[in-house]
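Visitor: Right, I'll just put the structure down here and ask away after.
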Amino acid sequence: MDFNGKPIIFCEYEDDFTLGDAYGEGHQLVLGNDGIFLLSFFIAFVFNWIGFFLSFCSTNTIAGRYGAISGFGLSLTKWILIVRFSDYFFGYFEGNLWLWWIFLAVGILLFTSGLINYAKARKVASRIASLKKSRFLFIY
């Protein structure tokens, strides 16, 4: 019993961290794990934009979606560098050098933002999990 005379009810919590308080139960994204992040990253990196759409749309985890974004960013950077320094595409970027820099910056930005946002989500998930455990031990 608490101070108001009501019984204290302890609820079990899910092992997976969920985001999206404004949505219903079916629209929440679970965190996932590093394996899903890496799998999604490599699919998007190897298969380029088709792999990005495949891995981004087929997963419902935060790790999978940020892995797809990060892999697509590195894939975009890879292809911009291949086109820029290849003999086959000689003269393709000669008049529009600023366009090369913009695509390169967008690719690097997508890659780093995917990594950083996934790291932030993992940090928040571990912090919330430790708070729930400490609150349970404190009340108990």
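In the structure tokens, the first chain shown is A, the next is B, and so on; residue numbers restart at 1 for each chain, and ligands run from 1 in the order shown.
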Within 10 Å of segment 103-115 of chain A, counting only C-alpha atoms, which residues show up once you throw out same-chain ones fewer than 4 positions away? Write them as a list in words, please.

Guide: Phe37, Phe41, Ala63, Arg65, Tyr66, Gly67, Ala68, Ile69, Ser70, Gly71, Phe72, Gly73, Leu74, Ser75, Leu76, Thr77, Lys78, Trp79, Ile80, Leu81, Trp98, Leu99, Ala119 and Lys120 of chain A

Visitor: Just write the chosen residues, N, CA and C atoms, as a compact mmCIF listing (two decimals), in the first residue's frame.

Guide:
# COMPACT_ATOMS: atom_id res chain seq x y z
N PHE A 37 21.78 -3.72 -37.08
CA PHE A 37 22.39 -2.50 -37.62
C PHE A 37 23.42 -2.85 -38.69
N PHE A 41 23.23 -2.19 -42.64
CA PHE A 41 24.29 -1.35 -43.18
C PHE A 41 24.93 -2.01 -44.41
N ALA A 63 17.60 0.24 -35.08
CA ALA A 63 18.92 -0.18 -35.54
C ALA A 63 18.92 -0.46 -37.03
N ARG A 65 16.88 0.74 -39.37
CA ARG A 65 16.67 1.95 -40.17
C ARG A 65 17.88 2.86 -40.17
N TYR A 66 18.51 3.03 -39.03
CA TYR A 66 19.73 3.85 -39.01
C TYR A 66 20.89 3.14 -39.70
N GLY A 67 20.92 1.83 -39.66
CA GLY A 67 21.93 1.08 -40.41
C GLY A 67 21.76 1.26 -41.90
N ALA A 68 20.52 1.27 -42.37
CA ALA A 68 20.25 1.49 -43.80
C ALA A 68 20.66 2.90 -44.22
N ILE A 69 20.36 3.88 -43.40
CA ILE A 69 20.74 5.26 -43.72
C ILE A 69 22.25 5.40 -43.76
N SER A 70 22.91 4.82 -42.79
CA SER A 70 24.37 4.91 -42.73
C SER A 70 25.02 4.17 -43.89
N GLY A 71 24.52 3.02 -44.23
CA GLY A 71 25.06 2.26 -45.37
C GLY A 71 24.85 2.97 -46.69
N PHE A 72 23.68 3.58 -46.87
CA PHE A 72 23.43 4.33 -48.10
C PHE A 72 24.33 5.55 -48.21
N GLY A 73 24.61 6.21 -47.09
CA GLY A 73 25.52 7.36 -47.11
C GLY A 73 26.93 6.97 -47.52
N LEU A 74 27.41 5.85 -47.00
CA LEU A 74 28.75 5.39 -47.38
C LEU A 74 28.76 4.89 -48.82
N SER A 75 27.67 4.29 -49.27
CA SER A 75 27.57 3.86 -50.66
C SER A 75 27.57 5.05 -51.61
N LEU A 76 26.86 6.10 -51.24
CA LEU A 76 26.86 7.31 -52.05
C LEU A 76 28.25 7.93 -52.12
N THR A 77 28.94 7.97 -51.01
CA THR A 77 30.31 8.47 -50.99
C THR A 77 31.23 7.62 -51.86
N LYS A 78 31.07 6.31 -51.78
CA LYS A 78 31.88 5.38 -52.59
C LYS A 78 31.68 5.65 -54.07
N TRP A 79 30.43 5.78 -54.51
CA TRP A 79 30.16 5.96 -55.93
C TRP A 79 30.57 7.35 -56.44
N ILE A 80 30.48 8.34 -55.60
CA ILE A 80 30.95 9.68 -56.01
C ILE A 80 32.46 9.65 -56.20
N LEU A 81 33.17 8.99 -55.31
CA LEU A 81 34.63 8.90 -55.46
C LEU A 81 35.02 8.05 -56.67
N TRP A 98 31.54 21.83 -57.94
CA TRP A 98 30.77 22.08 -56.73
C TRP A 98 29.72 20.98 -56.51
N LEU A 99 29.21 20.42 -57.58
CA LEU A 99 28.23 19.35 -57.48
C LEU A 99 28.86 18.10 -56.85
N ALA A 119 23.82 5.45 -31.99
CA ALA A 119 24.53 5.46 -30.71
C ALA A 119 23.73 6.22 -29.65
N LYS A 120 23.09 7.31 -30.03
CA LYS A 120 22.25 8.05 -29.08
C LYS A 120 21.06 7.23 -28.64

Visitor: Show which residues sit within 12 Å of Ile36 of chain A, as a ChimeraX atom specification. Count only C-alpha atoms, and ignore same-chain residues fewer than 3 positions away.

Guide: /A:30-33,39-43,55-56,58-68,118

Visitor: Let me make sure I understand: among A:Ser130, A:Cys57, A:Gly95, A:Lys123, which one has the smallest atom-to-atom distance to Ala44 of chain A if we use only C-alpha atoms?

Guide: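 Answer, going by the shortest atom-to-atom distance: A:Cys57.
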
Visitor: Which of segment 30-138 of chain A counts as helix (DSSP H, G or I) under DSSP, as a VMD selection string please?

Guide: chain A and resid 34 to 58 62 to 85 97 to 138
